[in-house]
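Everything below concerns the one structure shown next.
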Amino acid sequence: MFSALSRLPAKFTIFRFLRPNYLPTYVALIVVISAGIFAEQQNRAVYAAKMRASVVAELNPIRSKLEANINGDIQLVRGLIAAIATEPGMNQKRFSDLARNIFNERSRLRSIAAAPDLIVSLVYPLNGNEKVLGLNYRNNKEQRAAALRVRELGKLVLAGPLKLVQGGTGLVGRFPVSLPNGGDSNRFWGVVSAVIDVERLYQDSGLLSPILDIDVAISGLDGLGEEGALFYGDNRVKSADPVEVSVFLPGGAWVISAVPKGGWIDTPPNAWMIRSIILLGGLFIVIPMFVSGRLIGERKRNIQVLEHNKDQLQELSHRLKIALDASQIGIWELDVSSGKLLWDERMKELYGLRKGASEVYENWRDALHPEDLERAEQEFSNALLHGGSYISQFRIRLSRNRTRHIRAVGSKYIGAGGLEKIVGVNWDVTADVEKNESLEAARGQAEAHSTELEAARHRMEFNALHDPLTALPNRRYLDEILAEKRTSAATHGLASIFHMDLDRFKEINDTLGHAAGDEILRHAAQILRANTGESDFVGRIGGDEFVIISRNGGVAEDDAARAQRIIDAMSVPVKYKEQECRIGVSIGIAHQTGPEEELTQVLVNADIALYEAKRRGRNRHEVFTHSLKTAVFKTKQTADEILRGLEQNEFIAHFQPQFCPVTLNIIGVEALARWDHPTKGLLAPDAFLKTAEDINVLAEIDQRILEQALFQSIRWEAMGIDIPKVSVNISYHRLHDEKLMDRLSRMVIPKGKVSFELLESISFDESDMTVLSNVEQIKSLGIDIEIDDFGTGYASIVSLLKLTPRRLKIDRQLVIPILTSAKQRQLVASIIDIGISLGIDVIAEGVETMEHARILKELGCHGLQGYAFARPMSATDLANFVRERRWLAA
């Protein structure tokens with residue numbers, strides 16, 4: 001029996017912790033553990049994403065340099081191929097003279113070989129490559145497949161890296177050479193192979209850099225992309241979940257794989273810090289809840305005991321005397337009529353009186369705490385007056401400034417002899433009071449902590465949906481709006497969406513710093529708030545992009561007026577550190593046509609309108625229309641075709657001769673860009689220049705036309721055709737390029753043989769130091785400067801004196817009317833006189849009739865260009881035109 005009783009406390013303890021008052025503690029514990037696991041996973045995911053982003057950032061420059069270096073080296077050979085096509089029977093000396101011109105110290109070309117009928121008979125440089133001569137690709141098992149593939153495909157095939165016959169390893173680009181066979185057919189002549197030094201290519205592209213923090217592997221042997229074999233690096237990189245990018249090469253592609261040195265790190269550096277924070281947070285939540293549960297259990301048990309005592313009061317009355325003797329309860333009795341008071345010894349102990357001391361009412365009253373005195377006496381008086389039960393609780397003061405909580409219970413009755421008496425008990429409840437106070441404090445602390453958690457949750461939700469800089473809703477908030485989680489057309493009306501982009505913001509960021517940019521963004525946010533209502537959505541969704549969603553029913557006039565107010569407000573200069581910052585804003589507006597139209601589509605339409613606003617000059621607003629959507633898609637299609645055309649080398653140079661009005665000799669040619677479109681045929685610049693400028697490839701087209709013009713100039717000279725000068729157009733964006741001179745200095749440009757034509761519409765502001773510096777450096781390279789389309793732009797006498805061009809060209813709009821207009825003839829004569837007085841040759845464009853030529857000759861014009869003598873033509877047609885002197889027939 002006793003052994004069974006000894007096991008009861010442990011069993012009861014286990015069941016006590018399974019009571020409902022501990023349930024919130026267990027729920028909180030589960031939530032904390034789940035949150036910790038989720039945070040751990042998120043931390044690992046974020047760290048892995050950062051590592052991959054770091055690898056991509058280090059890998060992209062290598063990929064770009066590989067593409068640029070290989071494409072640049074391959075492009076150098078195309079001119080030689082054109083020369084071979086015109087001179088298929090050239091000898092080794094002639095081949096070496098032409099090949100020497102394309103070798104320079106910055107290329108990685110190792111050698112060039114020509115193989116008529118797939119047998120190598122020409123090579124440059126000859127020294128060190130003698131073993132290549134006589135190589136028959138048909139009999140060489142390592143190179144036969146690639147050579148035959150060139151003949152079958154009729155286009156460039158990139159092979160390697162492979163071991164070379166003359167020793168070493170190289171990347172070989174093989175070009176097919178075809179000769180006209182009469183009619184529209186061509187005859188396969190052979191191949192021209194350009195060998196690129198692989199080690200120099202790796203070095204120049206950064207693959208061998210000692211500070212590289214990634215391991216790299218390259219696959220795609222022979223330009224076969226993902227299907228090609230690995231030729232650089234270790235196979236372990238490919239199997240380690242690498243970051244992969246493609247290197248697009250002429251005739252193929254490579255795949256670069258990369259991982260950090262040492263491999264991916266699974267555990268983030270801050271893992272233990274995050275775990276510690278979660279552990280501490282969990283303890284702050286779980287421990288108070290556990291303590292609260294325990295105190296609540298104790299309180300329930302106390303209440304149950306009190307109720308049980310009440311029910312058993314009558315039953316225990318007989319045992320009360322024994323219980324009182326053994327208890328700590330003090331008993332008192334008062335004779336109401338005589339005022340005689342009796343206390344037992346326990347009562348005296350409670351009130352700090354000596355044993356045997358006489359007890360009087362004043363002993364009780366004087367011991368009461370001053371704050372409880374009036375209430376306690378009132379409760380006792382009420383019991384005497386009304387005869388009800390007496391229950392009171394109060395504090396008494398003891399020696400040494402101690403305080404004791406006393407609970408008093410009593411009742412009035414008629415005693416022996418009919419005397420009214422009141423009897424009661426007192427006992428010390430200090431421990432209960434202090435425990436209740438602790439419980440109340442714990443409950444208050446738990447409530448305060450819960451309030452803090454709720455506030456933190458609201459702050460986290462706000463931060464997740466708002467931009468910290470401007471306090472505007474962010475892209476995530478916008479996505480919820482677009483999904484109509486917060487608004488709907490049925491309850492708020494049709495929507496109008498304003499998509500805005502700040503103009504000149506990047507310039508402020510680059511010149512004054514990000515602090516100035518942040519100030520501009522906050523200023524822009526204030527303007528948008530000031531021009532929107534409380535029901536409108538205003539958000540910052542990107543660097544300098546903002547969106548307004550207004551539920552105004554799609555009223556176009558109201559939207560246009562609001563957009564103009566925003567544009568006007570944005571145009572006011574903003575002061576930052578004593579400097580005025582000027583920005584603008586381009587706005588695209590789209591209206592929801594019906595409740596069924598999704599807001600995501602309306603935002604796309606607003607983005608199209610924003611693109612049109614930027615295209616039309618910025619700092620304006622445009623409203624979306626379906627015709628605008630069609631035009632934008634057409635422009636995008638043209639842009640995609642231009643990029644494809646650049647990849648396929650479809651942009652070619654045509655040449656229009658210029659003639660001396662006196663001798664009718666050719667004094668030069670102008671190189672003009674043409675697009676040899678695969679389906680639309682030969683296109684003039686009007687079809688593509690504007691779009692090319694929008695997508696920032698105009699400088700690339702200019703560069704390619706310049707390279708072709710230089711090559712054709714050398715080719716004509718080799719053919720014995722005298723072309724004194726070649727004029728090439730140069731765009732304003734290219735003239736503004738700080739790296740222009742580096743590119744020009746790497747090219748072989750004969751002095752006095754090339755001139756750059758600058759449009760007169762370019763404003764030569766003295767403050768544009770880059771443009772003026774580039775113009776002066778261009779002259780120092782022996783390249784002449786010409787002013788094109790003179791009479792239609794900004795050029796003045798001061799501009800001519802400042803630029804000192806070699807020639808200026810009168811625009812055809814001024815030349816054509818001189819046959820019928822005396823005023824127009826006098827204007828042209830004045831321009832020619834100005835040119836003569838300044839020592840500048842004058843060329844007239846638009847010479848369409850021989851009468852034009854006669855008048856311009858009489859006016860003293862130095863050169864003529866127009867359809868009366870010749871139209872723009874290909875380089876081969878121009879060579880035949882000069883040989884046969886066809887213009888004399890005109």
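Chain labels run A, B, ... following the order of the structure tokens; each chain numbers its residues from 1, and ligands are numbered from 1 in the order shown.
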
For stretch 528-534 of chain A, list every protein, DNA or RNA residue within 12 Å, evaluated using only C-alpha atoms, and leave out those in the same chain fewer than 6 positions away; present the list as a PDB file with N, CA, C and O atoms, in the first residue's frame.
```pdb
ATOM      1  N   THR A 470      10.324  55.897 -49.948  1.00  0.00           N
ATOM      2  CA  THR A 470       9.232  56.857 -50.170  1.00  0.00           C
ATOM      3  C   THR A 470       7.983  56.528 -49.357  1.00  0.00           C
ATOM      4  O   THR A 470       7.053  57.328 -49.346  1.00  0.00           O
ATOM      5  N   ALA A 471       7.954  55.355 -48.698  1.00  0.00           N
ATOM      6  CA  ALA A 471       6.780  54.888 -47.956  1.00  0.00           C
ATOM      7  C   ALA A 471       5.593  54.628 -48.874  1.00  0.00           C
ATOM      8  O   ALA A 471       4.470  54.450 -48.410  1.00  0.00           O
ATOM      9  N   LEU A 472       5.822  54.582 -50.181  1.00  0.00           N
ATOM     10  CA  LEU A 472       4.754  54.250 -51.120  1.00  0.00           C
ATOM     11  C   LEU A 472       4.643  52.729 -51.238  1.00  0.00           C
ATOM     12  O   LEU A 472       5.606  52.001 -50.998  1.00  0.00           O
ATOM     13  N   PRO A 473       3.468  52.216 -51.625  1.00  0.00           N
ATOM     14  CA  PRO A 473       3.352  50.777 -51.902  1.00  0.00           C
ATOM     15  C   PRO A 473       4.364  50.341 -52.947  1.00  0.00           C
ATOM     16  O   PRO A 473       4.716  51.112 -53.847  1.00  0.00           O
ATOM     17  N   PHE A 498      -1.671  54.994 -64.651  1.00  0.00           N
ATOM     18  CA  PHE A 498      -0.609  55.886 -65.105  1.00  0.00           C
ATOM     19  C   PHE A 498       0.722  55.170 -64.816  1.00  0.00           C
ATOM     20  O   PHE A 498       1.027  54.871 -63.670  1.00  0.00           O
ATOM     21  N   HIS A 499       1.487  54.901 -65.851  1.00  0.00           N
ATOM     22  CA  HIS A 499       2.830  54.330 -65.686  1.00  0.00           C
ATOM     23  C   HIS A 499       3.837  55.436 -65.969  1.00  0.00           C
ATOM     24  O   HIS A 499       3.850  55.995 -67.064  1.00  0.00           O
ATOM     25  N   MET A 500       4.663  55.775 -64.957  1.00  0.00           N
ATOM     26  CA  MET A 500       5.546  56.941 -65.048  1.00  0.00           C
ATOM     27  C   MET A 500       6.998  56.545 -64.890  1.00  0.00           C
ATOM     28  O   MET A 500       7.316  55.631 -64.134  1.00  0.00           O
ATOM     29  N   LEU A 521      13.656  61.080 -55.556  1.00  0.00           N
ATOM     30  CA  LEU A 521      12.570  60.089 -55.478  1.00  0.00           C
ATOM     31  C   LEU A 521      11.544  60.473 -54.414  1.00  0.00           C
ATOM     32  O   LEU A 521      10.335  60.338 -54.630  1.00  0.00           O
ATOM     33  N   ARG A 522      12.026  60.968 -53.256  1.00  0.00           N
ATOM     34  CA  ARG A 522      11.079  61.399 -52.224  1.00  0.00           C
ATOM     35  C   ARG A 522      10.263  62.603 -52.705  1.00  0.00           C
ATOM     36  O   ARG A 522       9.056  62.694 -52.444  1.00  0.00           O
ATOM     37  N   ARG A 540       5.626  52.946 -55.936  1.00  0.00           N
ATOM     38  CA  ARG A 540       6.929  52.938 -56.613  1.00  0.00           C
ATOM     39  C   ARG A 540       7.278  51.487 -56.895  1.00  0.00           C
ATOM     40  O   ARG A 540       7.465  50.693 -55.983  1.00  0.00           O
ATOM     41  N   GLU A 545      10.529  54.230 -61.405  1.00  0.00           N
ATOM     42  CA  GLU A 545       9.228  53.971 -62.004  1.00  0.00           C
ATOM     43  C   GLU A 545       8.140  54.079 -60.935  1.00  0.00           C
ATOM     44  O   GLU A 545       8.296  53.587 -59.817  1.00  0.00           O
ATOM     45  N   PHE A 546       7.017  54.715 -61.311  1.00  0.00           N
ATOM     46  CA  PHE A 546       5.884  54.879 -60.410  1.00  0.00           C
ATOM     47  C   PHE A 546       4.608  54.491 -61.152  1.00  0.00           C
ATOM     48  O   PHE A 546       4.544  54.554 -62.389  1.00  0.00           O
ATOM     49  N   VAL A 547       3.595  54.095 -60.386  1.00  0.00           N
ATOM     50  CA  VAL A 547       2.299  53.727 -60.965  1.00  0.00           C
ATOM     51  C   VAL A 547       1.193  54.367 -60.140  1.00  0.00           C
ATOM     52  O   VAL A 547       1.254  54.392 -58.906  1.00  0.00           O
ATOM     53  N   ILE A 548       0.194  54.908 -60.843  1.00  0.00           N
ATOM     54  CA  ILE A 548      -1.035  55.404 -60.204  1.00  0.00           C
ATOM     55  C   ILE A 548      -2.195  54.601 -60.772  1.00  0.00           C
ATOM     56  O   ILE A 548      -2.292  54.428 -61.994  1.00  0.00           O
ATOM     57  N   ILE A 549      -3.055  54.072 -59.895  1.00  0.00           N
ATOM     58  CA  ILE A 549      -4.298  53.432 -60.316  1.00  0.00           C
ATOM     59  C   ILE A 549      -5.440  54.272 -59.754  1.00  0.00           C
ATOM     60  O   ILE A 549      -5.583  54.418 -58.540  1.00  0.00           O
ATOM     61  N   SER A 550      -6.217  54.841 -60.672  1.00  0.00           N
ATOM     62  CA  SER A 550      -7.305  55.734 -60.273  1.00  0.00           C
ATOM     63  C   SER A 550      -8.628  55.137 -60.713  1.00  0.00           C
ATOM     64  O   SER A 550      -8.783  54.739 -61.879  1.00  0.00           O
ATOM     65  N   ARG A 551      -9.579  55.041 -59.799  1.00  0.00           N
ATOM     66  CA  ARG A 551     -10.912  54.513 -60.105  1.00  0.00           C
ATOM     67  C   ARG A 551     -11.869  55.674 -60.405  1.00  0.00           C
ATOM     68  O   ARG A 551     -12.825  55.922 -59.684  1.00  0.00           O
ATOM     69  N   ASN A 552     -11.584  56.392 -61.507  1.00  0.00           N
ATOM     70  CA  ASN A 552     -12.411  57.553 -61.846  1.00  0.00           C
ATOM     71  C   ASN A 552     -13.353  57.276 -62.994  1.00  0.00           C
ATOM     72  O   ASN A 552     -13.899  58.207 -63.602  1.00  0.00           O
ATOM     73  N   ASP A 558     -10.030  64.058 -67.576  1.00  0.00           N
ATOM     74  CA  ASP A 558      -9.503  64.190 -66.211  1.00  0.00           C
ATOM     75  C   ASP A 558      -8.102  63.585 -66.112  1.00  0.00           C
ATOM     76  O   ASP A 558      -7.208  64.144 -65.459  1.00  0.00           O
ATOM     77  N   ASP A 559      -7.884  62.437 -66.753  1.00  0.00           N
ATOM     78  CA  ASP A 559      -6.567  61.800 -66.706  1.00  0.00           C
ATOM     79  C   ASP A 559      -5.510  62.654 -67.381  1.00  0.00           C
ATOM     80  O   ASP A 559      -4.385  62.792 -66.886  1.00  0.00           O
ATOM     81  N   ALA A 561      -5.552  65.918 -67.758  1.00  0.00           N
ATOM     82  CA  ALA A 561      -5.291  67.101 -66.930  1.00  0.00           C
ATOM     83  C   ALA A 561      -4.399  66.738 -65.735  1.00  0.00           C
ATOM     84  O   ALA A 561      -3.465  67.474 -65.385  1.00  0.00           O
ATOM     85  N   ARG A 562      -4.674  65.582 -65.112  1.00  0.00           N
ATOM     86  CA  ARG A 562      -3.843  65.152 -63.983  1.00  0.00           C
ATOM     87  C   ARG A 562      -2.407  64.896 -64.430  1.00  0.00           C
ATOM     88  O   ARG A 562      -1.446  65.297 -63.769  1.00  0.00           O
ATOM     89  N   ALA A 563      -2.256  64.225 -65.578  1.00  0.00           N
ATOM     90  CA  ALA A 563      -0.908  63.944 -66.086  1.00  0.00           C
ATOM     91  C   ALA A 563      -0.139  65.230 -66.346  1.00  0.00           C
ATOM     92  O   ALA A 563       1.052  65.341 -66.025  1.00  0.00           O
ATOM     93  N   GLN A 564      -0.813  66.237 -66.897  1.00  0.00           N
ATOM     94  CA  GLN A 564      -0.129  67.506 -67.184  1.00  0.00           C
ATOM     95  C   GLN A 564       0.261  68.215 -65.898  1.00  0.00           C
ATOM     96  O   GLN A 564       1.338  68.837 -65.815  1.00  0.00           O
ATOM     97  N   ARG A 565      -0.608  68.139 -64.865  1.00  0.00           N
ATOM     98  CA  ARG A 565      -0.255  68.752 -63.582  1.00  0.00           C
ATOM     99  C   ARG A 565       0.999  68.101 -63.007  1.00  0.00           C
ATOM    100  O   ARG A 565       1.880  68.782 -62.464  1.00  0.00           O
ATOM    101  N   ILE A 566       1.065  66.771 -63.113  1.00  0.00           N
ATOM    102  CA  ILE A 566       2.245  66.063 -62.595  1.00  0.00           C
ATOM    103  C   ILE A 566       3.487  66.456 -63.370  1.00  0.00           C
ATOM    104  O   ILE A 566       4.556  66.708 -62.796  1.00  0.00           O
ATOM    105  N   ILE A 567       3.374  66.552 -64.710  1.00  0.00           N
ATOM    106  CA  ILE A 567       4.524  66.942 -65.546  1.00  0.00           C
ATOM    107  C   ILE A 567       4.990  68.347 -65.180  1.00  0.00           C
ATOM    108  O   ILE A 567       6.193  68.611 -65.035  1.00  0.00           O
ATOM    109  N   ASP A 568       4.038  69.277 -65.000  1.00  0.00           N
ATOM    110  CA  ASP A 568       4.401  70.659 -64.650  1.00  0.00           C
ATOM    111  C   ASP A 568       5.088  70.708 -63.286  1.00  0.00           C
ATOM    112  O   ASP A 568       6.081  71.427 -63.096  1.00  0.00           O
ATOM    113  N   ALA A 569       4.560  69.946 -62.319  1.00  0.00           N
ATOM    114  CA  ALA A 569       5.154  69.958 -60.978  1.00  0.00           C
ATOM    115  C   ALA A 569       6.551  69.335 -60.986  1.00  0.00           C
ATOM    116  O   ALA A 569       7.466  69.817 -60.308  1.00  0.00           O
ATOM    117  N   MET A 570       6.733  68.276 -61.758  1.00  0.00           N
ATOM    118  CA  MET A 570       8.048  67.630 -61.835  1.00  0.00           C
ATOM    119  C   MET A 570       9.077  68.526 -62.518  1.00  0.00           C
ATOM    120  O   MET A 570      10.285  68.383 -62.295  1.00  0.00           O
ATOM    121  N   VAL A 585       9.256  63.940 -66.368  1.00  0.00           N
ATOM    122  CA  VAL A 585       8.563  62.673 -66.199  1.00  0.00           C
ATOM    123  C   VAL A 585       7.831  62.344 -67.494  1.00  0.00           C
ATOM    124  O   VAL A 585       7.207  63.209 -68.109  1.00  0.00           O
TER     125      VAL A 585
END
```

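DSSP annotation of stretch 557-600 of chain A from backbone atoms: strand (DSSP E) residues are A:Val574, A:Lys575, A:Tyr576, A:Gln579, A:Glu580, A:Cys581, A:Gly584, A:Val585, A:Ser586, A:Ile587, A:Gly588, A:Ile589, A:Ala590, A:His591.
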
Residue neighbourhood A:Tyr26, 9 Å, only C-alpha atoms, exclusion window fewer than 4 positions, as a ChimeraX atom specification: /A:22,30-31,286,290

Filtered DSSP result for stretch 211-242 of chain A, state alpha helix (DSSP H), as a CSV table (one decimal) with N, CA and C atoms, in the first residue's frame:
```
chain,number,residue,atom,x,y,z
A,235,ASN,N,35.5,18.1,-65.5
A,235,ASN,CA,34.1,17.6,-65.6
A,235,ASN,C,33.4,17.7,-64.2
A,236,ARG,N,34.1,17.9,-63.1
A,236,ARG,CA,33.5,18.0,-61.8
A,236,ARG,C,32.7,19.3,-61.7
A,237,VAL,N,33.1,20.3,-62.5
A,237,VAL,CA,32.3,21.6,-62.5
A,237,VAL,C,31.0,21.3,-63.1
A,238,LYS,N,30.9,20.5,-64.2
A,238,LYS,CA,29.6,20.3,-64.8
A,238,LYS,C,28.7,19.5,-63.9
```

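Using only C-alpha atoms, the residues found no farther than 12 Å from A:Ala57, other than those of its own chain fewer than 5 positions away, are A:Lys50, A:Met51, A:Arg52, A:Ile62, A:Arg63, A:Ser64, A:Leu212, A:Asp213, A:Ile214, A:Val243, A:Glu244, A:Val245, A:Ala258, A:Val259, A:Pro260.
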
Nearest candidate to A:Val538 (options A:Arg582, A:Leu478, A:Asn60, A:Gln592; using only C-alpha atoms): A:Leu478

re atom CA of A:Glu199 and atom CA of A:Phe103: distance 17.4 Å

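Between A:Ile285 and the candidates A:His449, A:Arg812, A:His862, A:Arg806, the tightest atom-to-atom separation, counting only C-alpha atoms, involves A:His449.
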
Using only C-alpha atoms, which protein or nucleic acid residues come within 12 Å of A:Phe633? Drop anything in the same chain fewer than 6 positions from it, and give the result as a PyMOL selection string. chain A and resi 605+608-609+611-612+626-627+639-640

Shell around A:Gly297 at 9 Å using only C-alpha atoms, local window under 2 positions removed, as a tab-separated table (two decimals) with all heavy atoms, in the first residue's frame:
```
chain	number	residue	atom	x	y	z
A	16	ARG	N	-0.60	16.30	-14.70
A	16	ARG	CA	-0.82	17.73	-14.48
A	16	ARG	C	-0.38	18.55	-15.68
A	16	ARG	O	-1.01	19.55	-16.04
A	16	ARG	CB	-0.06	18.18	-13.22
A	16	ARG	CG	-0.33	19.64	-12.85
A	16	ARG	CD	0.36	19.99	-11.56
A	16	ARG	NE	1.80	19.90	-11.70
A	16	ARG	CZ	2.65	20.06	-10.69
A	16	ARG	NH1	2.21	20.28	-9.46
A	16	ARG	NH2	3.95	19.98	-10.89
A	19	ARG	N	-2.92	19.01	-18.71
A	19	ARG	CA	-4.19	19.71	-18.50
A	19	ARG	C	-4.37	20.82	-19.55
A	19	ARG	O	-3.40	21.32	-20.12
A	19	ARG	CB	-4.23	20.31	-17.10
A	19	ARG	CG	-4.33	19.24	-16.02
A	19	ARG	CD	-4.23	19.83	-14.64
A	19	ARG	NE	-4.29	18.80	-13.60
A	19	ARG	CZ	-4.08	19.03	-12.33
A	19	ARG	NH1	-3.78	20.25	-11.90
A	19	ARG	NH2	-4.18	18.05	-11.47
A	21	ASN	N	-4.87	23.97	-19.42
A	21	ASN	CA	-4.25	25.28	-19.23
A	21	ASN	C	-2.84	25.34	-19.81
A	21	ASN	O	-2.28	26.42	-19.97
A	21	ASN	CB	-4.24	25.64	-17.74
A	21	ASN	CG	-3.66	24.55	-16.86
A	21	ASN	OD1	-4.26	23.49	-16.76
A	21	ASN	ND2	-2.51	24.80	-16.25
A	22	TYR	N	-2.23	24.16	-20.11
A	22	TYR	CA	-0.91	24.16	-20.75
A	22	TYR	C	-0.99	24.06	-22.28
A	22	TYR	O	0.04	24.09	-22.96
A	22	TYR	CB	-0.06	22.98	-20.23
A	22	TYR	CG	0.37	23.16	-18.80
A	22	TYR	CD1	-0.28	22.48	-17.77
A	22	TYR	CD2	1.42	24.01	-18.47
A	22	TYR	CE1	0.10	22.63	-16.45
A	22	TYR	CE2	1.81	24.17	-17.15
A	22	TYR	CZ	1.15	23.49	-16.13
A	22	TYR	OH	1.54	23.66	-14.85
A	292	SER	N	2.33	31.17	-16.87
A	292	SER	CA	0.92	31.58	-16.74
A	292	SER	C	0.01	30.37	-16.59
A	292	SER	O	-0.92	30.36	-15.78
A	292	SER	CB	0.51	32.40	-17.97
A	292	SER	OG	1.28	33.57	-18.06
A	293	GLY	N	0.28	29.33	-17.38
A	293	GLY	CA	-0.55	28.13	-17.28
A	293	GLY	C	-0.46	27.49	-15.91
A	293	GLY	O	-1.46	27.02	-15.36
A	294	ARG	N	0.77	27.50	-15.36
A	294	ARG	CA	0.94	26.89	-14.04
A	294	ARG	C	0.21	27.69	-12.96
A	294	ARG	O	-0.46	27.12	-12.08
A	294	ARG	CB	2.42	26.79	-13.71
A	294	ARG	CG	2.71	26.06	-12.43
A	294	ARG	CD	4.17	25.74	-12.29
A	294	ARG	NE	4.43	24.96	-11.08
A	294	ARG	CZ	5.62	24.48	-10.77
A	294	ARG	NH1	6.64	24.70	-11.57
A	294	ARG	NH2	5.79	23.77	-9.66
A	295	LEU	N	0.32	29.03	-13.04
A	295	LEU	CA	-0.36	29.87	-12.04
A	295	LEU	C	-1.87	29.76	-12.14
A	295	LEU	O	-2.59	29.77	-11.12
A	295	LEU	CB	0.09	31.33	-12.20
A	295	LEU	CG	1.57	31.62	-11.87
A	295	LEU	CD1	1.90	33.07	-12.16
A	295	LEU	CD2	1.85	31.29	-10.41
A	299	ARG	N	-4.46	28.61	-9.26
A	299	ARG	CA	-5.62	29.44	-8.86
A	299	ARG	C	-6.92	28.62	-8.92
A	299	ARG	O	-7.78	28.71	-8.05
A	299	ARG	CB	-5.72	30.65	-9.78
A	299	ARG	CG	-6.78	31.66	-9.40
A	299	ARG	CD	-6.65	32.92	-10.23
A	299	ARG	NE	-7.61	33.91	-9.85
A	299	ARG	CZ	-8.86	34.00	-10.35
A	299	ARG	NH1	-9.24	33.14	-11.29
A	299	ARG	NH2	-9.70	34.92	-9.93
A	300	LYS	N	-7.03	27.78	-9.98
A	300	LYS	CA	-8.22	26.95	-10.08
A	300	LYS	C	-8.32	25.98	-8.90
A	300	LYS	O	-9.41	25.75	-8.36
A	300	LYS	CB	-8.20	26.17	-11.39
A	300	LYS	CG	-8.48	27.03	-12.63
A	300	LYS	CD	-8.49	26.19	-13.89
A	300	LYS	CE	-8.83	27.03	-15.11
A	300	LYS	NZ	-8.81	26.21	-16.35
A	301	ARG	N	-7.18	25.41	-8.54
A	301	ARG	CA	-7.21	24.48	-7.41
A	301	ARG	C	-7.60	25.19	-6.11
A	301	ARG	O	-8.35	24.65	-5.29
A	301	ARG	CB	-5.83	23.81	-7.26
A	301	ARG	CG	-5.57	22.74	-8.32
A	301	ARG	CD	-4.34	21.90	-7.95
A	301	ARG	NE	-3.12	22.68	-7.98
A	301	ARG	CZ	-2.42	22.91	-9.07
A	301	ARG	NH1	-2.83	22.41	-10.23
A	301	ARG	NH2	-1.31	23.63	-9.04
A	302	ASN	N	-7.11	26.41	-5.91
A	302	ASN	CA	-7.49	27.16	-4.70
A	302	ASN	C	-8.99	27.44	-4.67
A	302	ASN	O	-9.64	27.33	-3.62
A	302	ASN	CB	-6.71	28.47	-4.64
A	302	ASN	CG	-5.24	28.26	-4.36
A	302	ASN	OD1	-4.86	27.22	-3.79
A	302	ASN	ND2	-4.41	29.23	-4.73
```

With the cut-off set at 7 Å and counting only C-alpha atoms, tabulate each residue of stretch 259-323 of chain A with an atom at most that distance from an atom of stretch 35-44 of chain A, showing the nearest atom pair and its distance in Å to one decimal, ordered by chain and increasing number, as a tab-separated table.
```
residue	atom	partner	partner_atom	distance
A:Thr267	CA	A:Arg44	CA	6.7
A:Pro268	CA	A:Arg44	CA	6.2
A:Ile278	CA	A:Gly36	CA	6.0
```

Given the selection you just returned, output its residues as a file containing N, CA, C and O atoms, formatted as a PDB file, in the first residue's frame.
```
ATOM      1  N   THR A 267      25.800  25.816 -45.674  1.00  0.00           N
ATOM      2  CA  THR A 267      25.404  26.508 -44.438  1.00  0.00           C
ATOM      3  C   THR A 267      25.821  27.978 -44.510  1.00  0.00           C
ATOM      4  O   THR A 267      26.999  28.284 -44.637  1.00  0.00           O
ATOM      5  N   PRO A 268      24.862  28.928 -44.461  1.00  0.00           N
ATOM      6  CA  PRO A 268      25.206  30.355 -44.497  1.00  0.00           C
ATOM      7  C   PRO A 268      26.028  30.741 -43.269  1.00  0.00           C
ATOM      8  O   PRO A 268      25.913  30.136 -42.197  1.00  0.00           O
ATOM      9  N   ILE A 278      16.082  32.922 -33.052  1.00  0.00           N
ATOM     10  CA  ILE A 278      14.813  32.180 -32.995  1.00  0.00           C
ATOM     11  C   ILE A 278      14.663  31.490 -31.641  1.00  0.00           C
ATOM     12  O   ILE A 278      13.581  31.479 -31.042  1.00  0.00           O
TER      13      ILE A 278
END
```

Which neighbours of A:Arg174 fall inside 7 Å, counting only C-alpha atoms, when residues of the same chain fewer than 2 positions from it are skipped, and could you give them as a ChimeraX atom specification? /A:150,156-158,172,176,191-194

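We find atom CA of A:Lys506 and atom CA of A:Arg475 to be spaced 20.5 Å apart.
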
So the first atom is atom CA of A:Ala525 and the second is atom CA of A:Val632; what is the distance between them in Å, to one decimal place? 28.9 Å

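Shortest atom-to-atom contact with A:Ile277 among A:Asp234, A:Gln312, A:Val32, A:Lys577: A:Val32, counting only C-alpha atoms.
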